[in-house]
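The structure file my_file.csv is reproduced below (CSV, C-alpha atoms).
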chain,number,residue,atom,x,y,z
A,1,MET,CA,2.0,-67.0,57.3
A,2,LEU,CA,1.3,-63.4,56.0
A,3,THR,CA,2.0,-62.0,59.5
A,4,PHE,CA,5.3,-63.9,59.7
A,5,THR,CA,6.3,-62.7,56.2
A,6,ILE,CA,5.6,-59.1,57.0
A,7,ARG,CA,7.4,-59.3,60.3
A,8,ARG,CA,10.5,-60.9,58.6
A,9,LEU,CA,10.5,-58.2,55.9
A,10,ILE,CA,10.4,-55.4,58.6
A,11,LEU,CA,13.2,-57.2,60.5
A,12,ALA,CA,15.3,-57.4,57.3
A,13,VAL,CA,15.6,-53.6,57.1
A,14,PRO,CA,17.8,-53.1,60.1
A,15,THR,CA,19.6,-56.3,59.3
A,16,LEU,CA,20.5,-55.0,55.8
A,17,LEU,CA,21.5,-51.6,57.2
A,18,PHE,CA,23.9,-53.2,59.6
A,19,ILE,CA,25.3,-55.4,56.9
A,20,SER,CA,25.8,-52.4,54.7
A,21,LEU,CA,27.6,-50.6,57.4
A,22,VAL,CA,30.0,-53.5,58.1
A,23,ILE,CA,30.7,-53.9,54.4
A,24,PHE,CA,31.4,-50.2,54.0
A,25,LEU,CA,33.7,-50.0,57.0
A,26,LEU,CA,35.7,-53.1,56.1
A,27,LEU,CA,36.3,-51.8,52.5
A,28,GLN,CA,37.3,-48.4,53.9
A,29,LEU,CA,39.9,-50.0,56.0
A,30,ALA,CA,41.2,-52.1,53.1
A,31,PRO,CA,44.6,-51.0,51.8
A,32,GLY,CA,45.0,-49.4,48.3
A,33,ASP,CA,44.4,-46.2,46.5
A,34,PRO,CA,42.2,-45.7,43.4
A,35,MET,CA,44.6,-43.1,42.2
A,36,ALA,CA,47.5,-45.6,42.2
A,37,GLN,CA,46.8,-46.4,38.5
A,38,VAL,CA,46.9,-42.8,37.4
A,39,PRO,CA,50.1,-42.1,35.4
A,40,LEU,CA,53.0,-40.4,37.3
A,41,THR,CA,52.9,-37.6,34.7
A,42,VAL,CA,49.6,-36.3,36.1
A,43,PRO,CA,50.3,-33.3,38.4
A,44,PRO,CA,49.4,-33.6,42.1
A,45,GLU,CA,46.7,-30.9,41.9
A,46,VAL,CA,45.0,-32.7,39.1
A,47,LYS,CA,45.0,-35.9,41.2
A,48,GLN,CA,43.5,-34.0,44.1
A,49,GLN,CA,40.7,-32.7,41.8
A,50,MET,CA,40.1,-36.3,40.6
A,51,ARG,CA,40.0,-37.5,44.2
A,52,GLU,CA,37.4,-34.9,45.2
A,53,ALA,CA,35.3,-35.7,42.1
A,54,LEU,CA,35.2,-39.3,43.2
A,55,GLY,CA,34.0,-38.2,46.7
A,56,LEU,CA,37.2,-39.4,48.4
A,57,GLY,CA,37.7,-36.1,50.2
A,58,GLN,CA,34.5,-36.3,52.3
A,59,PRO,CA,34.3,-37.8,55.8
A,60,ILE,CA,33.5,-41.5,56.1
A,61,HIS,CA,30.0,-41.1,57.6
A,62,ILE,CA,29.1,-38.7,54.8
A,63,GLN,CA,30.3,-41.2,52.1
A,64,TYR,CA,28.3,-43.9,53.8
A,65,PHE,CA,25.0,-42.0,53.9
A,66,LYS,CA,25.6,-40.8,50.4
A,67,TRP,CA,26.1,-44.4,49.2
A,68,ILE,CA,23.0,-45.6,51.0
A,69,LEU,CA,20.9,-42.8,49.6
A,70,GLN,CA,22.1,-43.5,46.1
A,71,PHE,CA,21.6,-47.3,46.4
A,72,PHE,CA,18.1,-47.3,48.0
A,73,TRP,CA,16.6,-44.1,46.5
A,74,ILE,CA,18.3,-42.8,43.4
A,75,GLU,CA,19.0,-46.2,41.7
A,76,PRO,CA,15.3,-47.3,42.1
A,77,LEU,CA,14.2,-44.0,40.7
A,78,ASN,CA,16.5,-44.6,37.7
A,79,GLY,CA,14.9,-48.0,37.3
A,80,ILE,CA,11.5,-46.4,37.2
A,81,ASP,CA,12.7,-43.8,34.7
A,82,ALA,CA,14.0,-46.5,32.4
A,83,LEU,CA,10.8,-48.5,32.6
A,84,PHE,CA,8.2,-45.7,32.3
A,85,GLY,CA,10.2,-42.9,30.6
A,86,THR,CA,9.8,-40.5,33.6
A,87,GLY,CA,12.4,-38.0,34.9
A,88,LEU,CA,12.3,-38.6,38.6
A,89,ALA,CA,16.1,-39.2,39.0
A,90,GLU,CA,17.2,-36.6,36.5
A,91,GLY,CA,20.3,-34.7,37.6
A,92,LYS,CA,20.9,-36.9,40.7
A,93,LEU,CA,24.3,-38.5,41.2
A,94,ARG,CA,24.3,-42.3,41.0
A,95,VAL,CA,26.8,-44.9,42.4
A,96,ILE,CA,29.7,-44.5,40.0
A,97,SER,CA,32.5,-47.0,39.4
A,98,TRP,CA,35.9,-45.6,40.0
A,99,GLN,CA,37.3,-47.9,37.3
A,100,THR,CA,35.0,-47.2,34.4
A,101,ARG,CA,33.4,-43.9,35.5
A,102,SER,CA,30.0,-45.5,34.7
A,103,PRO,CA,27.0,-46.2,37.0
A,104,VAL,CA,27.6,-49.5,38.8
A,105,ILE,CA,24.1,-50.8,38.4
A,106,ASP,CA,24.3,-50.3,34.6
A,107,ILE,CA,27.5,-52.4,34.5
A,108,VAL,CA,25.9,-55.1,36.6
A,109,ILE,CA,22.8,-55.3,34.4
A,110,GLN,CA,25.1,-55.6,31.3
A,111,ARG,CA,27.0,-58.5,32.9
A,112,LEU,CA,24.1,-60.3,34.5
A,113,PRO,CA,22.8,-62.1,31.3
A,114,GLN,CA,26.2,-63.8,30.8
A,115,THR,CA,26.1,-65.1,34.4
A,116,LEU,CA,22.5,-66.3,34.1
A,117,TRP,CA,23.3,-68.1,30.9
A,118,VAL,CA,26.1,-70.1,32.4
A,119,VAL,CA,25.6,-70.3,36.2
A,120,GLY,CA,21.8,-70.1,36.2
A,121,VAL,CA,21.5,-72.9,33.7
A,122,ALA,CA,24.1,-75.0,35.6
A,123,TYR,CA,22.1,-74.5,38.8
A,124,VAL,CA,18.9,-75.7,37.2
A,125,VAL,CA,20.6,-78.7,35.5
A,126,GLY,CA,22.3,-79.6,38.8
A,127,ILE,CA,19.0,-79.6,40.7
A,128,LEU,CA,17.2,-81.7,38.1
A,129,ILE,CA,20.0,-84.3,38.2
A,130,ALA,CA,20.6,-84.2,41.9
A,131,LEU,CA,17.1,-84.8,43.1
A,132,PRO,CA,16.5,-88.1,41.2
A,133,ILE,CA,20.0,-89.3,42.2
A,134,GLY,CA,19.3,-88.6,45.8
A,135,ILE,CA,15.9,-90.2,45.8
A,136,ILE,CA,17.0,-93.4,44.0
A,137,SER,CA,20.2,-93.7,46.1
A,138,ALA,CA,18.2,-93.6,49.3
A,139,TYR,CA,15.5,-95.9,48.1
A,140,ARG,CA,18.1,-98.4,46.9
A,141,GLN,CA,20.6,-98.0,49.7
A,142,TYR,CA,24.0,-99.8,49.2
A,143,SER,CA,23.0,-100.8,45.7
A,144,ILE,CA,25.4,-100.4,42.7
A,145,PHE,CA,23.6,-97.2,41.8
A,146,ASP,CA,24.0,-95.8,45.3
A,147,GLN,CA,27.7,-96.7,45.4
A,148,ALA,CA,28.3,-95.2,41.9
A,149,GLY,CA,26.4,-92.0,42.9
A,150,THR,CA,28.4,-91.7,46.1
A,151,PHE,CA,31.7,-92.1,44.3
A,152,ILE,CA,30.8,-89.5,41.7
A,153,THR,CA,29.5,-87.0,44.3
A,154,MET,CA,32.7,-87.4,46.3
A,155,ILE,CA,34.7,-86.6,43.2
A,156,GLY,CA,32.5,-83.5,42.7
A,157,PHE,CA,33.1,-82.4,46.3
A,158,SER,CA,36.8,-83.1,46.2
A,159,VAL,CA,37.9,-81.7,42.9
A,160,PRO,CA,38.1,-77.9,42.8
A,161,PRO,CA,36.7,-76.0,39.8
A,162,PHE,CA,40.1,-74.6,38.8
A,163,PHE,CA,41.3,-78.1,38.3
A,164,SER,CA,38.2,-79.7,36.8
A,165,GLY,CA,37.7,-76.7,34.5
A,166,VAL,CA,41.3,-77.0,33.1
A,167,LEU,CA,40.9,-80.8,32.9
A,168,VAL,CA,37.8,-80.6,30.7
A,169,ILE,CA,39.4,-78.0,28.5
A,170,VAL,CA,42.4,-80.2,27.9
A,171,ILE,CA,40.3,-83.3,27.2
A,172,PHE,CA,37.3,-81.9,25.3
A,173,SER,CA,38.8,-78.8,23.7
A,174,VAL,CA,42.5,-79.4,23.1
A,175,GLN,CA,42.6,-83.2,22.6
A,176,LEU,CA,39.2,-83.9,21.1
A,177,GLY,CA,38.3,-80.5,19.8
A,178,TRP,CA,34.6,-81.0,20.5
A,179,PHE,CA,33.8,-77.7,22.4
A,180,PRO,CA,35.3,-74.2,22.5
A,181,SER,CA,37.6,-73.5,25.5
A,182,ILE,CA,36.8,-69.8,25.7
A,183,TYR,CA,33.2,-68.5,26.2
A,184,ASP,CA,32.3,-65.8,23.6
A,185,THR,CA,30.5,-63.1,25.5
A,186,MET,CA,29.8,-61.2,22.3
A,187,HIS,CA,27.7,-64.0,20.8
A,188,VAL,CA,24.1,-62.9,20.2
A,189,VAL,CA,21.3,-65.4,20.2
A,190,ASP,CA,18.7,-64.4,17.6
A,191,ASP,CA,17.8,-67.6,15.8
A,192,TRP,CA,18.0,-71.4,16.2
A,193,ALA,CA,21.5,-71.7,14.7
A,194,SER,CA,22.9,-69.1,17.1
A,195,PHE,CA,21.0,-70.7,20.0
A,196,LYS,CA,22.8,-74.1,19.2
A,197,VAL,CA,26.1,-72.2,19.2
A,198,GLN,CA,25.3,-70.8,22.6
A,199,ILE,CA,24.4,-74.2,24.0
A,200,TRP,CA,27.7,-75.6,22.5
A,201,GLN,CA,29.9,-73.0,24.2
A,202,MET,CA,28.0,-73.2,27.5
A,203,PHE,CA,28.5,-77.0,27.8
A,204,LEU,CA,31.9,-77.2,29.5
A,205,PRO,CA,31.4,-74.4,32.1
A,206,VAL,CA,27.9,-75.7,32.8
A,207,MET,CA,29.2,-79.3,33.2
A,208,VAL,CA,31.9,-78.2,35.7
A,209,LEU,CA,29.4,-76.2,37.8
A,210,ALA,CA,26.6,-78.8,37.6
A,211,LEU,CA,29.0,-81.4,39.0
A,212,GLN,CA,29.5,-79.4,42.2
A,213,ILE,CA,25.9,-78.5,42.5
A,214,THR,CA,24.7,-82.1,42.0
A,215,SER,CA,27.2,-83.4,44.5
A,216,GLN,CA,26.0,-81.1,47.2
A,217,ILE,CA,22.2,-81.3,46.7
A,218,SER,CA,22.1,-85.1,46.0
A,219,ARG,CA,23.9,-85.9,49.3
A,220,PHE,CA,21.4,-83.8,51.3
A,221,MET,CA,18.5,-85.4,49.3
A,222,ARG,CA,19.8,-88.9,50.0
A,223,ALA,CA,20.3,-88.2,53.8
A,224,SER,CA,16.9,-86.6,54.2
A,225,MET,CA,15.2,-89.5,52.3
A,226,LEU,CA,16.9,-92.1,54.4
A,227,ASP,CA,15.8,-90.4,57.6
A,228,ASN,CA,12.2,-90.2,56.5
A,229,LEU,CA,12.0,-93.8,55.0
A,230,SER,CA,12.5,-95.2,58.5
A,231,HIS,CA,9.6,-93.3,60.1
A,232,ASP,CA,6.4,-94.9,61.3
A,233,TYR,CA,4.2,-93.0,58.9
A,234,VAL,CA,5.9,-94.8,56.0
A,235,ARG,CA,5.0,-98.2,57.4
A,236,THR,CA,1.5,-97.0,58.0
A,237,ALA,CA,1.1,-95.8,54.5
A,238,ARG,CA,2.3,-99.1,53.1
A,239,ALA,CA,0.0,-101.0,55.5
A,240,LYS,CA,-3.0,-99.0,54.1
A,241,GLY,CA,-2.2,-100.6,50.7
A,242,LEU,CA,-0.8,-97.4,49.0
A,243,SER,CA,1.5,-98.1,46.0
A,244,GLU,CA,5.2,-97.8,46.6
A,245,ALA,CA,5.4,-94.9,44.1
A,246,THR,CA,2.8,-93.0,46.1
A,247,VAL,CA,4.5,-93.7,49.4
A,248,VAL,CA,7.9,-92.6,48.2
A,249,LEU,CA,7.1,-89.7,45.8
A,250,VAL,CA,4.2,-88.2,47.7
A,251,HIS,CA,4.6,-88.8,51.4
A,252,VAL,CA,8.4,-89.3,51.9
A,253,LEU,CA,9.5,-86.9,49.2
A,254,ARG,CA,7.5,-84.0,50.5
A,255,ASN,CA,8.8,-84.3,54.0
A,256,SER,CA,12.4,-84.9,52.7
A,257,MET,CA,12.3,-81.7,50.7
A,258,ILE,CA,12.1,-79.5,53.8
A,259,PRO,CA,15.9,-79.4,54.6
A,260,VAL,CA,16.8,-79.6,50.9
A,261,VAL,CA,14.8,-76.5,50.2
A,262,THR,CA,17.2,-74.6,52.5
A,263,VAL,CA,20.2,-75.7,50.5
A,264,ILE,CA,18.6,-74.9,47.2
A,265,ALA,CA,17.2,-71.5,48.3
A,266,LEU,CA,20.5,-70.4,49.9
A,267,GLY,CA,22.4,-71.5,46.8
A,268,VAL,CA,20.4,-69.2,44.5
A,269,PRO,CA,22.3,-66.0,45.5
A,270,SER,CA,25.5,-67.8,44.2
A,271,ILE,CA,23.9,-67.7,40.7
A,272,PHE,CA,23.9,-63.9,40.8
A,273,GLY,CA,27.3,-63.8,42.4
A,274,GLY,CA,28.6,-66.0,39.6
A,275,ALA,CA,31.1,-68.8,39.9
A,276,ILE,CA,34.2,-66.6,40.2
A,277,ILE,CA,36.7,-69.4,39.5
A,278,THR,CA,34.8,-71.0,36.7
A,279,GLU,CA,34.2,-67.6,35.0
A,280,GLN,CA,37.9,-66.9,35.2
A,281,VAL,CA,38.8,-70.3,33.7
A,282,PHE,CA,36.4,-70.1,30.8
A,283,LYS,CA,36.6,-66.3,30.3
A,284,VAL,CA,32.9,-65.7,31.0
A,285,ASN,CA,32.4,-62.0,31.3
A,286,GLY,CA,29.9,-62.2,34.1
A,287,ILE,CA,29.3,-60.9,37.6
A,288,GLY,CA,32.0,-63.0,39.2
A,289,GLN,CA,34.7,-61.8,36.9
A,290,LEU,CA,33.4,-58.2,37.4
A,291,LEU,CA,33.9,-58.6,41.1
A,292,ILE,CA,37.5,-59.9,40.7
A,293,THR,CA,38.5,-57.0,38.4
A,294,ALA,CA,36.9,-54.5,40.7
A,295,ILE,CA,38.9,-55.8,43.7
A,296,GLN,CA,42.1,-55.8,41.6
A,297,ALA,CA,41.4,-52.1,40.6
A,298,ASN,CA,40.4,-51.1,44.2
A,299,ASP,CA,37.1,-50.0,42.8
A,300,LEU,CA,35.3,-49.7,46.2
A,301,PRO,CA,31.9,-48.5,44.9
A,302,MET,CA,31.7,-51.6,42.6
A,303,VAL,CA,32.9,-54.0,45.3
A,304,GLN,CA,30.6,-52.7,48.1
A,305,THR,CA,27.6,-52.5,45.8
A,306,LEU,CA,28.1,-56.1,44.5
A,307,THR,CA,28.7,-57.4,48.0
A,308,PHE,CA,25.6,-55.7,49.4
A,309,ILE,CA,23.5,-57.1,46.5
A,310,PHE,CA,24.7,-60.6,47.4
A,311,ALA,CA,23.7,-59.9,51.1
A,312,ILE,CA,20.2,-58.8,50.0
A,313,LEU,CA,19.7,-61.9,48.0
A,314,ILE,CA,20.8,-64.1,50.9
A,315,VAL,CA,18.4,-62.4,53.3
A,316,LEU,CA,15.6,-62.6,50.7
A,317,PHE,CA,16.0,-66.3,49.9
A,318,ASN,CA,16.3,-67.1,53.6
A,319,LEU,CA,12.8,-65.7,53.9
A,320,ILE,CA,11.6,-67.6,50.8
A,321,ALA,CA,13.0,-70.9,52.3
A,322,ASP,CA,11.1,-70.2,55.6
A,323,VAL,CA,7.8,-69.6,53.7
A,324,LEU,CA,8.3,-72.8,51.7
A,325,TYR,CA,8.7,-74.8,54.9
A,326,GLY,CA,5.1,-73.9,55.7
A,327,LEU,CA,3.9,-75.0,52.3
A,328,LEU,CA,5.7,-78.3,52.3
A,329,ASP,CA,4.9,-79.3,55.9
A,330,PRO,CA,1.4,-78.4,57.2
A,331,ARG,CA,2.6,-79.0,60.8
A,332,ILE,CA,4.7,-75.8,60.6
A,333,ARG,CA,2.8,-72.7,61.5
A,334,TYR,CA,4.2,-69.2,62.0
A,335,ASP,CA,1.0,-67.3,63.1
Kindly transcribe the structure held in the file into structure tokens.
Amino acid sequence: MLTFTIRRLILAVPTLLFISLVIFLLLQLAPGDPMAQVPLTVPPEVKQQMREALGLGQPIHIQYFKWILQFFWIEPLNGIDALFGTGLAEGKLRVISWQTRSPVIDIVIQRLPQTLWVVGVAYVVGILIALPIGIISAYRQYSIFDQAGTFITMIGFSVPPFFSGVLVIVIFSVQLGWFPSIYDTMHVVDDWASFKVQIWQMFLPVMVLALQITSQISRFMRASMLDNLSHDYVRTARAKGLSEATVVLVHVLRNSMIPVVTVIALGVPSIFGGAIITEQVFKVNGIGQLLITAIQANDLPMVQTLTFIFAILIVLFNLIADVLYGLLDPRIRYD
């Protein structure tokens, strides 16, 4: 297992470099000019100076290697400086947002807590609800519970977030007045009362996101459980006199979790990417909304850095899913 993990980590380096090159070239070919939002009263020579200050006058390959050096070397050094108070990155140019003229990573770190509060909690809630629904639906196939679960999950699959988000705002915020319709990103949690306010304003966006997450994972859980319940080892375990709870929750569940782990692990990067549509609907000032505003402002350093971070997370959690396979199923060996 250790050899497999090291081999995959080494293989991830050229993979990520290739992905970074593709992201960079695609964004360089995208139309738009970061100087388009500069007032017309600014003289052309001043615009040229601004363009050179942003690094736009350099050749494409120089811009690419400069960005890679900043992302993989200078930004980690800044992180070390922030943690230990050293001066390793002092005077070195970081990845700067064209829109805000601030370091991109600093802006991402500022927005990340809001995304984790909403999307992260929704993901955890969705998993905790989806797994029991999938297990019970498979064990009691075609029962009323299974049919009701299937109906609800089909709704979760079919209704897009921009519709369900507006719908819950109209019902629970406008008509009933139970929950706020706009997420207050300036709210600070420092005591029990402020924590309850935070939970209250998170309820609607978390509910909308958890519906989608539950719909997806519960269907995979149900299908995997149904497949394993028909295998011979289940009949053997029952013939040995094991209790039904032991058969289902120990033997069947462990084997059924193998394909579900892939879905859960590959869904984790979406937490850091944020739910773009839901964040827009509820005005959550998170990573998803940051990406939208960066695209609208043609802020290439911000867009390519965020996109590359998502790619790193996908490669990383692919590796984590493969390692978890070996832990869940002793028959799987990588060495």
What's around Phe179 (chain A) at 8 Å? Count only C-alpha atoms, leave out sequence neighbours fewer than 3 positions away in its own chain, and write the answer as number ranges by chain.
A: 172-173, 200-201, 203-204
Between CA of Ala294 (chain A) and CA of Leu17 (chain A), what is the distance in Å, rounded to a tenth?
22.8 Å
Would you work out the distance separating CA of Leu290 (chain A) from CA of Val125 (chain A), expressed in Å to one decimal?
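Those two atoms sit 24.2 Å apart.
Nearest-residue note for Ser181 (chain A): choosing from A:Gly120, A:Pro301, A:Pro43, A:Pro205, the minimum distance belongs to A:Pro205, counting all atoms listed in the file.
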So what do you get for CA of Leu313 (chain A) versus CA of Ser20 (chain A), distance-wise?
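About the pair CA of Leu313 (chain A) and CA of Ser20 (chain A): they are 13.1 Å apart.
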For a cutoff of 8 Å around the file-coordinate point (27.9, -75.8, 39.9), which residues qualify once you count only C-alpha atoms? I'd like the result as an MDAnalysis selection string.
chainID A and resid 119 122:123 126 206:214 275
If we count all atoms listed in the file, what is near Lys92 (chain A) at a cut-off of 10 Å, once residues fewer than 3 positions away on the same chain are taken out, given as number ranges by chain?
A: 70, 74-75, 77-78, 88-89
Contact residues around Leu253 (chain A) with all atoms listed in the file at 10 Å, ignoring same-chain residues under 5 positions, as a PyMOL selection string:
chain A and resi 131+135+221+224-225+228-229+246-248+258+328
Which protein, DNA or RNA residues have an atom at most 7 Å from (28.8, -67.7, 29.6), counting only C-alpha atoms? List them as an MDAnalysis selection string.
chainID A and resid 114:115 117:118 183 185 202 284:285
Name all residues at most 9 Å from region 9-15 of chain A (count all atoms listed in the file; drop same-chain ones fewer than 2 positions away) and give them as a list in words.
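Surrounding residues, per the criterion: Phe4, Thr5, Ile6, Arg7, Leu17, Phe18, Ile19, Ser20, Ile312, Val315, Leu316 and Leu319 of chain A.
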Measuring between only C-alpha atoms, which one of A:Ile314, A:Ile199, A:Ile23, A:Val263 shows the shortest distance to His187 (chain A)?
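Closest candidate: A:Ile199.
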